[in-house]
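Have a look at entry.pdb below; it lists PDB, C-alpha atoms.
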```
ATOM      1  CA  MET R 366      64.815-109.776-197.355
ATOM      2  CA  LYS R 367      67.834-108.984-195.228
ATOM      3  CA  LYS R 368      68.425-112.699-194.712
ATOM      4  CA  ASN R 369      68.308-113.272-198.497
ATOM      5  CA  THR R 370      70.819-110.490-199.141
ATOM      6  CA  ARG R 371      73.172-112.022-196.589
ATOM      7  CA  LYS R 372      72.838-115.401-198.318
ATOM      8  CA  ILE R 373      73.735-113.843-201.681
ATOM      9  CA  TRP R 374      76.838-112.181-200.252
ATOM     10  CA  ILE R 375      77.863-115.465-198.630
ATOM     11  CA  GLY R 376      77.396-117.106-202.052
ATOM     12  CA  ALA R 377      79.557-114.428-203.683
ATOM     13  CA  ALA R 378      82.258-114.922-201.036
ATOM     14  CA  ILE R 379      82.200-118.705-201.569
ATOM     15  CA  LEU R 380      82.522-118.153-205.329
ATOM     16  CA  VAL R 381      85.611-115.979-204.819
ATOM     17  CA  LEU R 382      87.068-118.540-202.392
ATOM     18  CA  VAL R 383      86.515-121.417-204.836
ATOM     19  CA  ALA R 384      88.093-119.347-207.635
ATOM     20  CA  VAL R 385      91.156-118.786-205.442
ATOM     21  CA  ILE R 386      91.319-122.537-204.672
ATOM     22  CA  PHE R 387      91.085-123.329-208.396
ATOM     23  CA  ALA R 388      93.910-120.874-209.116
ATOM     24  CA  ALA R 389      96.015-122.525-206.402
ATOM     25  CA  VAL R 390      95.299-125.984-207.872
ATOM     26  CA  TYR R 391      96.455-124.700-211.256
ATOM     27  CA  MET R 392      99.651-123.222-209.750
ATOM     28  CA  ILE R 393     100.446-126.512-208.016
ATOM     29  CA  ALA R 394      99.257-129.116-210.510
ATOM     30  CA  GLY R 395      99.063-127.203-213.812
ATOM     31  CA  PRO R 396     101.517-127.556-216.684
ATOM     32  CA  LYS R 397     104.944-126.154-215.750
ATOM     33  CA  ALA R 398     107.052-124.233-218.227
ATOM     34  CA  GLN R 399     110.854-124.522-218.095
ATOM     35  CA  ALA R 400     112.921-121.389-218.634
ATOM     36  CA  GLY R 401     116.226-121.271-220.518
ATOM     37  CA  SER R 402     117.591-123.039-223.579
ATOM     38  CA  LYS R 403     116.122-126.444-224.429
ATOM     39  CA  SER R 404     116.571-128.845-227.300
ATOM     40  CA  TYR R 405     113.464-130.212-228.990
ATOM     41  CA  THR R 406     112.273-132.315-231.892
ATOM     42  CA  LEU R 407     109.048-131.600-233.719
ATOM     43  CA  GLU R 408     107.709-134.212-236.115
ATOM     44  CA  VAL R 409     104.869-133.529-238.519
ATOM     45  CA  VAL R 410     103.083-136.630-239.814
ATOM     46  CA  ASP R 411     100.883-135.884-242.813
ATOM     47  CA  ASP R 412      97.843-137.701-244.232
ATOM     48  CA  ASN R 413     100.091-140.176-246.110
ATOM     49  CA  GLY R 414     102.006-141.048-242.957
ATOM     50  CA  GLU R 415     105.108-139.224-244.158
ATOM     51  CA  THR R 416     107.125-137.485-241.479
ATOM     52  CA  GLU R 417     108.928-134.169-241.618
ATOM     53  CA  THR R 418     111.293-133.617-238.694
ATOM     54  CA  TYR R 419     112.444-130.315-237.223
ATOM     55  CA  GLU R 420     115.129-130.186-234.573
ATOM     56  CA  GLY R 421     116.495-127.223-232.719
ATOM     57  CA  THR R 422     117.022-125.351-229.501
ATOM     58  CA  THR R 423     114.681-122.783-228.072
ATOM     59  CA  ASP R 424     114.059-120.503-225.124
ATOM     60  CA  ALA R 425     110.331-120.828-225.758
ATOM     61  CA  GLU R 426     108.312-122.133-222.836
ATOM     62  CA  TYR R 427     105.312-123.496-224.739
ATOM     63  CA  LEU R 428     104.908-125.554-227.899
ATOM     64  CA  ARG R 429     102.993-122.813-229.678
ATOM     65  CA  ASP R 430     105.990-120.480-229.279
ATOM     66  CA  VAL R 431     108.244-123.145-230.796
ATOM     67  CA  MET R 432     105.812-123.455-233.708
ATOM     68  CA  ASP R 433     105.840-119.665-234.117
ATOM     69  CA  GLU R 434     109.654-119.667-234.165
ATOM     70  CA  LEU R 435     109.709-122.402-236.807
ATOM     71  CA  ALA R 436     107.092-120.555-238.854
ATOM     72  CA  GLN R 437     109.244-117.420-238.767
ATOM     73  CA  GLU R 438     112.186-119.436-240.082
ATOM     74  CA  GLY R 439     109.960-120.240-243.075
ATOM     75  CA  ASP R 440     110.098-124.022-243.386
ATOM     76  CA  PHE R 441     107.023-124.695-241.285
ATOM     77  CA  SER R 442     103.542-123.227-241.151
ATOM     78  CA  TYR R 443     100.376-123.694-239.169
ATOM     79  CA  GLU R 444      96.961-122.160-238.728
ATOM     80  CA  GLY R 445      94.523-122.580-235.912
ATOM     81  CA  THR R 446      91.504-121.159-234.192
ATOM     82  CA  GLU R 447      91.237-120.047-230.591
ATOM     83  CA  GLY R 448      88.875-122.454-228.876
ATOM     84  CA  ASP R 449      87.311-122.341-225.434
ATOM     85  CA  TYR R 450      90.251-124.321-224.086
ATOM     86  CA  GLY R 451      93.186-123.102-226.150
ATOM     87  CA  LEU R 452      94.441-123.277-229.708
ATOM     88  CA  TYR R 453      92.757-125.782-232.038
ATOM     89  CA  ILE R 454      95.175-126.590-234.869
ATOM     90  CA  ASP R 455      93.431-126.622-238.260
ATOM     91  CA  THR R 456      96.319-126.641-240.755
ATOM     92  CA  VAL R 457      99.979-127.703-240.636
ATOM     93  CA  ASN R 458     102.335-127.165-243.566
ATOM     94  CA  GLY R 459      99.353-126.372-245.786
ATOM     95  CA  LEU R 460      97.458-129.575-244.937
ATOM     96  CA  THR R 461      94.053-128.826-243.410
ATOM     97  CA  ALA R 462      92.288-131.342-241.197
ATOM     98  CA  ASP R 463      88.553-130.762-241.480
ATOM     99  CA  TYR R 464      86.679-132.755-238.854
ATOM    100  CA  ASN R 465      83.307-131.819-240.331
ATOM    101  CA  THR R 466      84.175-133.299-243.723
ATOM    102  CA  ASP R 467      85.909-136.566-242.891
ATOM    103  CA  GLY R 468      86.582-136.621-239.148
ATOM    104  CA  ALA R 469      90.197-135.506-239.599
ATOM    105  CA  TYR R 470      92.054-133.558-236.921
ATOM    106  CA  TRP R 471      95.589-132.651-235.882
ATOM    107  CA  SER R 472      96.645-134.380-232.688
ATOM    108  CA  ILE R 473      99.629-133.586-230.485
ATOM    109  CA  TYR R 474     101.885-136.288-229.057
ATOM    110  CA  VAL R 475     104.509-135.534-226.415
ATOM    111  CA  ASN R 476     107.362-138.031-226.075
ATOM    112  CA  GLY R 477     105.171-140.704-227.644
ATOM    113  CA  GLU R 478     102.174-140.099-225.380
ATOM    114  CA  TYR R 479      98.935-138.499-226.508
ATOM    115  CA  GLY R 480      99.118-134.870-225.370
ATOM    116  CA  GLN R 481      96.818-133.572-222.642
ATOM    117  CA  TYR R 482      97.129-129.889-223.521
ATOM    118  CA  SER R 483      96.620-127.599-226.482
ATOM    119  CA  ALA R 484      99.793-126.234-228.144
ATOM    120  CA  ASP R 485      99.587-122.955-226.235
ATOM    121  CA  LEU R 486      99.438-124.772-222.878
ATOM    122  CA  GLN R 487     101.907-127.571-223.661
ATOM    123  CA  PRO R 488     105.172-126.823-221.820
ATOM    124  CA  VAL R 489     108.513-127.488-223.506
ATOM    125  CA  ALA R 490     111.168-129.395-221.518
ATOM    126  CA  ASP R 491     114.725-130.132-222.611
ATOM    127  CA  GLY R 492     114.818-133.080-225.054
ATOM    128  CA  ASP R 493     111.060-133.191-225.658
ATOM    129  CA  VAL R 494     109.861-134.866-228.832
ATOM    130  CA  PHE R 495     106.579-133.459-230.122
ATOM    131  CA  ARG R 496     104.572-134.954-232.933
ATOM    132  CA  LEU R 497     101.778-133.244-234.832
ATOM    133  CA  ALA R 498      99.891-136.060-236.504
ATOM    134  CA  TYR R 499      97.068-135.875-239.041
ATOM    135  CA  GLU R 500      94.516-138.386-237.804
ATOM    136  CA  VAL R 501      91.020-139.440-238.752
ATOM    137  CA  SER R 502      88.393-140.257-236.161
ATOM    138  CA  ALA R 503      87.703-144.019-235.988
ATOM    139  CA  GLY R 504      83.987-143.415-236.433
ATOM    140  CA  GLU R 505      84.402-141.749-239.826
TER     141      GLU R 505
ATOM    142  CA  MET K 937      51.171-117.313-209.636
ATOM    143  CA  LYS K 938      49.970-118.204-213.124
ATOM    144  CA  LYS K 939      50.272-121.870-213.985
ATOM    145  CA  GLU K 940      52.397-122.506-217.089
ATOM    146  CA  ARG K 941      50.187-123.876-219.838
ATOM    147  CA  SER K 942      51.122-126.430-222.482
ATOM    148  CA  TRP K 943      52.872-125.189-225.611
ATOM    149  CA  ARG K 944      51.064-123.298-228.346
ATOM    150  CA  ALA K 945      52.207-121.826-231.661
ATOM    151  CA  GLY K 946      53.350-118.676-229.863
ATOM    152  CA  ASP K 947      55.500-120.753-227.499
ATOM    153  CA  ILE K 948      57.168-122.511-230.421
ATOM    154  CA  ALA K 949      57.911-119.098-231.933
ATOM    155  CA  VAL K 950      59.395-117.904-228.626
ATOM    156  CA  ILE K 951      61.596-121.035-228.456
ATOM    157  CA  GLY K 952      62.722-120.302-232.020
ATOM    158  CA  VAL K 953      63.637-116.716-231.149
ATOM    159  CA  MET K 954      65.433-117.846-227.983
ATOM    160  CA  THR K 955      67.440-120.390-229.982
ATOM    161  CA  ALA K 956      68.304-117.842-232.658
ATOM    162  CA  THR K 957      69.494-115.245-230.141
ATOM    163  CA  LEU K 958      71.536-117.857-228.256
ATOM    164  CA  GLU K 959      73.298-118.854-231.473
ATOM    165  CA  ALA K 960      73.729-115.244-232.644
ATOM    166  CA  SER K 961      75.277-114.200-229.318
ATOM    167  CA  LYS K 962      77.579-117.239-229.330
ATOM    168  CA  THR K 963      78.770-116.431-232.848
ATOM    169  CA  ALA K 964      79.134-112.697-232.167
ATOM    170  CA  LEU K 965      81.452-113.264-229.199
ATOM    171  CA  ALA K 966      83.270-116.311-230.584
ATOM    172  CA  PHE K 967      86.459-114.260-231.047
ATOM    173  CA  LEU K 968      86.690-113.804-227.256
ATOM    174  CA  PRO K 969      87.491-117.221-225.735
ATOM    175  CA  ASN K 970      85.201-117.989-222.788
ATOM    176  CA  ILE K 971      83.458-114.629-222.815
ATOM    177  CA  GLU K 972      79.926-115.519-223.803
ATOM    178  CA  LEU K 973      76.324-114.436-223.400
ATOM    179  CA  VAL K 974      74.746-117.889-223.692
ATOM    180  CA  SER K 975      74.846-118.456-219.910
ATOM    181  CA  PHE K 976      73.286-115.069-219.190
ATOM    182  CA  LEU K 977      70.595-115.486-221.849
ATOM    183  CA  LEU K 978      69.668-118.971-220.622
ATOM    184  CA  ILE K 979      69.322-117.623-217.076
ATOM    185  CA  ILE K 980      67.197-114.662-218.112
ATOM    186  CA  TYR K 981      65.073-116.749-220.506
ATOM    187  CA  THR K 982      64.458-119.285-217.746
ATOM    188  CA  LEU K 983      63.321-116.553-215.371
ATOM    189  CA  VAL K 984      60.944-115.044-217.935
ATOM    190  CA  PHE K 985      59.796-118.064-219.966
ATOM    191  CA  GLY K 986      60.311-120.926-217.502
ATOM    192  CA  ARG K 987      60.680-124.558-218.552
ATOM    193  CA  LYS K 988      60.370-123.719-222.266
ATOM    194  CA  THR K 989      64.011-122.703-222.041
ATOM    195  CA  PHE K 990      64.992-126.387-221.855
ATOM    196  CA  ALA K 991      63.697-126.761-225.415
ATOM    197  CA  ALA K 992      65.694-123.704-226.531
ATOM    198  CA  ALA K 993      68.847-125.085-224.851
ATOM    199  CA  PHE K 994      68.518-128.403-226.704
ATOM    200  CA  ALA K 995      67.645-126.650-229.973
ATOM    201  CA  PHE K 996      70.748-124.468-229.520
ATOM    202  CA  VAL K 997      72.884-127.621-229.201
ATOM    203  CA  GLY K 998      71.239-128.939-232.382
ATOM    204  CA  VAL K 999      72.086-125.746-234.289
ATOM    205  CA  GLU K1000      75.667-125.813-232.962
ATOM    206  CA  CYS K1001      75.900-129.400-234.167
ATOM    207  CA  LEU K1002      74.703-128.399-237.642
ATOM    208  CA  ILE K1003      77.289-125.597-237.801
ATOM    209  CA  TRP K1004      80.332-127.285-236.273
ATOM    210  CA  GLY K1005      79.656-130.998-236.844
ATOM    211  CA  MET K1006      79.724-133.796-234.310
ATOM    212  CA  GLY K1007      82.361-133.945-231.587
ATOM    213  CA  LEU K1008      82.821-134.846-227.944
ATOM    214  CA  TRP K1009      81.746-131.325-226.990
ATOM    215  CA  ILE K1010      78.211-132.163-228.180
ATOM    216  CA  ILE K1011      77.903-134.581-225.254
ATOM    217  CA  ASN K1012      79.103-131.794-222.932
ATOM    218  CA  TYR K1013      76.653-129.293-224.359
ATOM    219  CA  LEU K1014      73.754-131.739-224.013
ATOM    220  CA  TYR K1015      74.037-131.639-220.230
ATOM    221  CA  VAL K1016      75.841-128.388-219.296
ATOM    222  CA  TRP K1017      73.307-125.948-220.745
ATOM    223  CA  PRO K1018      70.181-127.794-219.511
ATOM    224  CA  PHE K1019      71.961-128.065-216.144
ATOM    225  CA  LEU K1020      72.174-124.262-215.990
ATOM    226  CA  VAL K1021      68.469-123.987-216.831
ATOM    227  CA  ALA K1022      67.669-126.506-214.070
ATOM    228  CA  VAL K1023      69.809-124.616-211.527
ATOM    229  CA  THR K1024      68.092-121.334-212.474
ATOM    230  CA  LEU K1025      64.628-122.899-212.091
ATOM    231  CA  PHE K1026      65.686-124.215-208.690
ATOM    232  CA  ALA K1027      67.030-120.804-207.635
ATOM    233  CA  ARG K1028      63.839-119.091-208.813
ATOM    234  CA  LYS K1029      61.765-121.576-206.832
ATOM    235  CA  ARG K1030      63.889-120.818-203.767
ATOM    236  CA  GLY K1031      63.067-117.114-204.170
ATOM    237  CA  ALA K1032      66.264-115.783-205.769
ATOM    238  CA  ASP K1033      65.409-112.609-207.661
ATOM    239  CA  SER K1034      68.301-110.158-207.602
ATOM    240  CA  ALA K1035      70.925-109.451-210.252
ATOM    241  CA  LEU K1036      73.665-110.308-207.785
ATOM    242  CA  SER K1037      72.249-113.732-206.952
ATOM    243  CA  TYR K1038      72.081-114.720-210.627
ATOM    244  CA  ALA K1039      75.507-113.163-211.288
ATOM    245  CA  VAL K1040      76.863-115.506-208.594
ATOM    246  CA  ILE K1041      75.107-118.473-210.221
ATOM    247  CA  SER K1042      76.379-117.480-213.675
ATOM    248  CA  GLY K1043      79.927-116.991-212.334
ATOM    249  CA  ALA K1044      79.838-120.336-210.547
ATOM    250  CA  PHE K1045      78.649-121.992-213.740
ATOM    251  CA  GLY K1046      81.567-120.440-215.660
ATOM    252  CA  LEU K1047      84.009-121.556-212.984
ATOM    253  CA  GLY K1048      82.644-125.094-213.015
ATOM    254  CA  PHE K1049      82.292-125.304-216.794
ATOM    255  CA  GLY K1050      85.619-127.091-217.287
ATOM    256  CA  ALA K1051      84.910-129.559-214.489
ATOM    257  CA  LEU K1052      81.493-130.333-215.973
ATOM    258  CA  CYS K1053      82.972-130.763-219.444
ATOM    259  CA  ALA K1054      85.731-133.010-218.070
ATOM    260  CA  ILE K1055      83.238-135.695-216.991
ATOM    261  CA  PRO K1056      83.315-137.650-220.310
ATOM    262  CA  TYR K1057      87.122-137.931-219.993
ATOM    263  CA  LEU K1058      86.586-140.013-216.851
ATOM    264  CA  PHE K1059      85.078-142.707-219.078
ATOM    265  CA  ILE K1060      87.516-142.207-221.970
ATOM    266  CA  GLY K1061      90.849-142.085-220.148
ATOM    267  CA  GLY K1062      90.155-142.470-216.444
ATOM    268  CA  PRO K1063      90.425-140.061-213.499
ATOM    269  CA  VAL K1064      93.988-138.912-214.316
ATOM    270  CA  MET K1065      92.999-137.808-217.818
ATOM    271  CA  MET K1066      89.876-136.139-216.468
ATOM    272  CA  ALA K1067      91.826-134.264-213.768
ATOM    273  CA  SER K1068      94.656-133.153-216.057
ATOM    274  CA  TRP K1069      92.177-131.950-218.688
ATOM    275  CA  TRP K1070      90.292-129.976-216.054
ATOM    276  CA  VAL K1071      93.428-128.501-214.427
ATOM    277  CA  ALA K1072      94.865-127.397-217.790
ATOM    278  CA  GLY K1073      91.687-125.418-218.456
ATOM    279  CA  ILE K1074      91.450-123.638-215.091
ATOM    280  CA  PRO K1075      92.741-120.265-216.406
ATOM    281  CA  PHE K1076      89.976-120.369-219.037
ATOM    282  CA  ASP K1077      87.403-121.248-216.356
ATOM    283  CA  LEU K1078      88.524-118.289-214.209
ATOM    284  CA  LEU K1079      88.068-116.008-217.220
ATOM    285  CA  HIS K1080      84.684-117.609-217.907
ATOM    286  CA  CYS K1081      83.675-117.034-214.271
ATOM    287  CA  GLY K1082      84.641-113.343-214.305
ATOM    288  CA  GLY K1083      83.004-112.736-217.689
ATOM    289  CA  ASN K1084      79.760-114.457-216.727
ATOM    290  CA  PHE K1085      79.573-112.665-213.380
ATOM    291  CA  ALA K1086      80.168-109.194-214.865
ATOM    292  CA  LEU K1087      77.850-109.636-217.864
ATOM    293  CA  CYS K1088      75.011-110.952-215.714
ATOM    294  CA  LEU K1089      75.412-108.195-213.136
ATOM    295  CA  VAL K1090      75.344-105.447-215.778
ATOM    296  CA  LEU K1091      72.701-106.820-218.155
ATOM    297  CA  PHE K1092      70.310-108.555-215.766
ATOM    298  CA  LYS K1093      67.925-105.713-214.921
ATOM    299  CA  PRO K1094      67.553-103.988-218.320
ATOM    300  CA  VAL K1095      67.257-107.205-220.331
ATOM    301  CA  ARG K1096      64.831-108.791-217.863
ATOM    302  CA  ARG K1097      62.649-105.666-217.908
ATOM    303  CA  VAL K1098      62.468-105.679-221.722
ATOM    304  CA  LEU K1099      61.821-109.419-221.926
ATOM    305  CA  GLU K1100      59.071-109.311-219.294
ATOM    306  CA  LYS K1101      57.350-106.512-221.233
ATOM    307  CA  ALA K1102      57.640-108.560-224.423
ATOM    308  CA  ALA K1103      56.270-111.631-222.648
ATOM    309  CA  ASP K1104      53.315-109.587-221.329
ATOM    310  CA  TRP K1105      52.508-108.304-224.825
ATOM    311  CA  GLY K1106      52.668-111.874-226.075
ATOM    312  CA  ARG K1107      50.130-112.999-223.474
ATOM    313  CA  GLN K1108      47.627-110.231-224.357
TER     314      GLN K1108
END
```
Can you present the structure in this file as structure tokens?
Amino acid sequence: MKKNTRKIWIGAAILVLVAVIFAAVYMIAGPKAQAGSKSYTLEVVDDNGETETYEGTTDAEYLRDVMDELAQEGDFSYEGTEGDYGLYIDTVNGLTADYNTDGAYWSIYVNGEYGQYSADLQPVADGDVFRLAYEVSAGE
Amino acid sequence: MKKERSWRAGDIAVIGVMTATLEASKTALAFLPNIELVSFLLIIYTLVFGRKTFAAAFAFVGVECLIWGMGLWIINYLYVWPFLVAVTLFARKRGADSALSYAVISGAFGLGFGALCAIPYLFIGGPVMMASWWVAGIPFDLLHCGGNFALCLVLFKPVRRVLEKAADWGRQ
């Protein structure tokens, strides 16, 4: 019994240690935000392939904050749901992508590359070009 | 120890109730990202009802699929939840019985959830995509770990006691 209890506490200690290692990995290799003023371009590509472009400067550190700033200015809008791994964008400028209906979704491109992060985790660097594109899954 | 018998009508009903409660708990806590009761319930169901919980885990994925539609996450769900059931069965076989031991298992599962879910990205975009997807989600995994650990530690004894009573009544 005593031996089992010791094993459990060792397990708990290992769990804490692994959590600390994970946090360190995130600090070292995770997305890095850049403080200060930055210029950016945000393109929104709708279901007809038409592009609306927004350009500006921001102190925001993450794409979601830029989107919030643009939404406050009134010419841009978005809606999303909080998923297990960040914001899932449902609607941009009134256009809803419904994956369940036709396999449509909003994807994020960063400087021409398919984004690896959700909008709330995507850092903003000076001169970044973001694209929110309405896309339909190839299987649909 | 009683040998687990093959399924009867009562077992099917139990699997149905397990599936329903898994889905209800998932939906009820959906507004809190990565705070969930599914891990805890699967652990406790496995301890009380044994291998039948595999069926409930797969049925839960089926219900999720009906609600949310198909997506890459379905592939994740098809192995992560049964994996937790398998780990719990293994731990039970090795004699683990305390709330703390299963809280550690539940916390470890939450911590490793992102890494487990990142596996398909290895085949889609290679190791770099898999690693960057996993690293980006680490804060969510840490939250998942803490939530799972705390919920299991607090709920383990009372819920297990009630479920074991219910299981005994069912056997009579």
Subject >> Residue neighbourhood Leu497 (chain R), 8 Å, all atoms listed in the file, exclusion window fewer than 5 positions, as a PyMOL selection string >> reply: chain R and resi 407-410+471-474
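The residue set within 8 Å of Leu1025 (chain K), counting all atoms listed in the file and dropping same-chain residues fewer than 6 places from it, reads Thr982, Leu983, Gly986 and Arg987 of chain K.
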Original post:
Any idea what the distance is between CA of Ala1051 (chain K) and CA of Met1065 (chain K)?
Top reply: 12.0 Å
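Excluding Val390 (chain R) itself and same-chain residues fewer than 2 positions from it, the residues having an atom within 12 Å of it are Val383, Ala384, Val385, Ile386, Phe387, Ala388, Met392, Ile393, Ala394, Gly395 and Pro396 of chain R; Ala1067, Ser1068, Trp1070, Val1071, Ala1072, Gly1073, Ile1074 and Pro1075 of chain K, counting all atoms listed in the file.
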Using the chain letters and numbers from the file, which residues does the PyMOL selection byres ((chain K) within 10 of (chain R)) grab, as a PDB file with C-alpha atoms, in the frame of the given file?
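The result, stored in expr-v7.pdb:
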```
ATOM      1  CA  ALA K 966      83.270-116.311-230.584  1.00  0.00           C
ATOM      2  CA  PHE K 967      86.459-114.260-231.047  1.00  0.00           C
ATOM      3  CA  LEU K 968      86.690-113.804-227.256  1.00  0.00           C
ATOM      4  CA  PRO K 969      87.491-117.221-225.735  1.00  0.00           C
ATOM      5  CA  ASN K 970      85.201-117.989-222.788  1.00  0.00           C
ATOM      6  CA  ILE K 971      83.458-114.629-222.815  1.00  0.00           C
ATOM      7  CA  CYS K1001      75.900-129.400-234.167  1.00  0.00           C
ATOM      8  CA  LEU K1002      74.703-128.399-237.642  1.00  0.00           C
ATOM      9  CA  ILE K1003      77.289-125.597-237.801  1.00  0.00           C
ATOM     10  CA  TRP K1004      80.332-127.285-236.273  1.00  0.00           C
ATOM     11  CA  GLY K1005      79.656-130.998-236.844  1.00  0.00           C
ATOM     12  CA  MET K1006      79.724-133.796-234.310  1.00  0.00           C
ATOM     13  CA  GLY K1007      82.361-133.945-231.587  1.00  0.00           C
ATOM     14  CA  GLY K1031      63.067-117.114-204.170  1.00  0.00           C
ATOM     15  CA  ALA K1032      66.264-115.783-205.769  1.00  0.00           C
ATOM     16  CA  ASP K1033      65.409-112.609-207.661  1.00  0.00           C
ATOM     17  CA  SER K1034      68.301-110.158-207.602  1.00  0.00           C
ATOM     18  CA  LEU K1036      73.665-110.308-207.785  1.00  0.00           C
ATOM     19  CA  SER K1037      72.249-113.732-206.952  1.00  0.00           C
ATOM     20  CA  TYR K1038      72.081-114.720-210.627  1.00  0.00           C
ATOM     21  CA  ALA K1039      75.507-113.163-211.288  1.00  0.00           C
ATOM     22  CA  VAL K1040      76.863-115.506-208.594  1.00  0.00           C
ATOM     23  CA  ILE K1041      75.107-118.473-210.221  1.00  0.00           C
ATOM     24  CA  GLY K1043      79.927-116.991-212.334  1.00  0.00           C
ATOM     25  CA  ALA K1044      79.838-120.336-210.547  1.00  0.00           C
ATOM     26  CA  LEU K1047      84.009-121.556-212.984  1.00  0.00           C
ATOM     27  CA  GLY K1048      82.644-125.094-213.015  1.00  0.00           C
ATOM     28  CA  GLY K1050      85.619-127.091-217.287  1.00  0.00           C
ATOM     29  CA  MET K1065      92.999-137.808-217.818  1.00  0.00           C
ATOM     30  CA  MET K1066      89.876-136.139-216.468  1.00  0.00           C
ATOM     31  CA  ALA K1067      91.826-134.264-213.768  1.00  0.00           C
ATOM     32  CA  SER K1068      94.656-133.153-216.057  1.00  0.00           C
ATOM     33  CA  TRP K1069      92.177-131.950-218.688  1.00  0.00           C
ATOM     34  CA  TRP K1070      90.292-129.976-216.054  1.00  0.00           C
ATOM     35  CA  VAL K1071      93.428-128.501-214.427  1.00  0.00           C
ATOM     36  CA  ALA K1072      94.865-127.397-217.790  1.00  0.00           C
ATOM     37  CA  GLY K1073      91.687-125.418-218.456  1.00  0.00           C
ATOM     38  CA  ILE K1074      91.450-123.638-215.091  1.00  0.00           C
ATOM     39  CA  PRO K1075      92.741-120.265-216.406  1.00  0.00           C
ATOM     40  CA  PHE K1076      89.976-120.369-219.037  1.00  0.00           C
ATOM     41  CA  ASP K1077      87.403-121.248-216.356  1.00  0.00           C
ATOM     42  CA  LEU K1078      88.524-118.289-214.209  1.00  0.00           C
ATOM     43  CA  HIS K1080      84.684-117.609-217.907  1.00  0.00           C
ATOM     44  CA  CYS K1081      83.675-117.034-214.271  1.00  0.00           C
ATOM     45  CA  GLY K1082      84.641-113.343-214.305  1.00  0.00           C
ATOM     46  CA  PHE K1085      79.573-112.665-213.380  1.00  0.00           C
TER      47      PHE K1085
END
```
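Between Leu452 (chain R) and the candidates R:Gly477, R:Ala484, R:Met432, R:Thr423, the tightest atom-to-atom separation, counting only C-alpha atoms, involves R:Ala484.
One finds CA of Tyr499 (chain R) at 5.6 Å from CA of Asp412 (chain R).
The two atoms in question, CA of Pro488 (chain R) and CA of Lys397 (chain R), are spaced 6.1 Å apart.
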Could you state which residues are captured by the PyMOL selection byres ((chain R and resi 461) around 10) in this file, as a PDB file with C-alpha atoms, in the coordinates of the input?
```pdb
ATOM      1  CA  ASP R 411     100.883-135.884-242.813  1.00  0.00           C
ATOM      2  CA  ASP R 412      97.843-137.701-244.232  1.00  0.00           C
ATOM      3  CA  TYR R 443     100.376-123.694-239.169  1.00  0.00           C
ATOM      4  CA  GLU R 444      96.961-122.160-238.728  1.00  0.00           C
ATOM      5  CA  GLY R 445      94.523-122.580-235.912  1.00  0.00           C
ATOM      6  CA  ILE R 454      95.175-126.590-234.869  1.00  0.00           C
ATOM      7  CA  ASP R 455      93.431-126.622-238.260  1.00  0.00           C
ATOM      8  CA  THR R 456      96.319-126.641-240.755  1.00  0.00           C
ATOM      9  CA  VAL R 457      99.979-127.703-240.636  1.00  0.00           C
ATOM     10  CA  ASN R 458     102.335-127.165-243.566  1.00  0.00           C
ATOM     11  CA  GLY R 459      99.353-126.372-245.786  1.00  0.00           C
ATOM     12  CA  LEU R 460      97.458-129.575-244.937  1.00  0.00           C
ATOM     13  CA  ALA R 462      92.288-131.342-241.197  1.00  0.00           C
ATOM     14  CA  ASP R 463      88.553-130.762-241.480  1.00  0.00           C
ATOM     15  CA  TYR R 464      86.679-132.755-238.854  1.00  0.00           C
ATOM     16  CA  ALA R 469      90.197-135.506-239.599  1.00  0.00           C
ATOM     17  CA  TYR R 470      92.054-133.558-236.921  1.00  0.00           C
ATOM     18  CA  TRP R 471      95.589-132.651-235.882  1.00  0.00           C
ATOM     19  CA  TYR R 499      97.068-135.875-239.041  1.00  0.00           C
TER      20      TYR R 499
END
```
Please determine an axis-aligned box that encloses all atoms of region 437-448 of chain R listed in the file, with 6 Å added on each side, and express its centre and edge lengths in Å to one decimal as lines of an AutoDock Vina configuration file.
```
center_x = 100.5
center_y = -121.1
center_z = -236.1
size_x = 35.3
size_y = 19.3
size_z = 26.5
```
Original post:
Applied to the shown file, which residues does the PyMOL selection byres ((chain K and resi 1099) around 12) return, written as JSON, numbers by chain?
Top reply: {"K": [950, 953, 954, 977, 980, 981, 982, 983, 984, 985, 1091, 1092, 1093, 1094, 1095, 1096, 1097, 1098, 1100, 1101, 1102, 1103, 1104, 1105, 1106]}
Subject >> Neighbour list for Asn1084 (chain K) as a PyMOL selection string, cut-off 7 Å, all atoms listed in the file, skip fewer than 5 positions in-chain >> reply: chain K and resi 976+1042-1043+1046
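Using all atoms listed in the file, the nearest neighbour of Ala1086 (chain K) within the list K:Arg1028, K:Asn1012, K:Gly1062, K:Leu973 is K:Leu973.
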For the point (80.8, -131.0, -225.4) in file coordinates, what residues are within 10 Å, counting all atoms listed in the file? Give the answer as a compact mmCIF listing (two decimals) with C-alpha atoms, in the coordinates of the input?
```
# COMPACT_ATOMS: atom_id res chain seq x y z
CA VAL K 997 72.88 -127.62 -229.20
CA MET K 1006 79.72 -133.80 -234.31
CA GLY K 1007 82.36 -133.94 -231.59
CA LEU K 1008 82.82 -134.85 -227.94
CA TRP K 1009 81.75 -131.32 -226.99
CA ILE K 1010 78.21 -132.16 -228.18
CA ILE K 1011 77.90 -134.58 -225.25
CA ASN K 1012 79.10 -131.79 -222.93
CA TYR K 1013 76.65 -129.29 -224.36
CA LEU K 1014 73.75 -131.74 -224.01
CA TYR K 1015 74.04 -131.64 -220.23
CA VAL K 1016 75.84 -128.39 -219.30
CA LEU K 1052 81.49 -130.33 -215.97
CA CYS K 1053 82.97 -130.76 -219.44
CA ALA K 1054 85.73 -133.01 -218.07
CA ILE K 1055 83.24 -135.70 -216.99
CA PRO K 1056 83.32 -137.65 -220.31
```
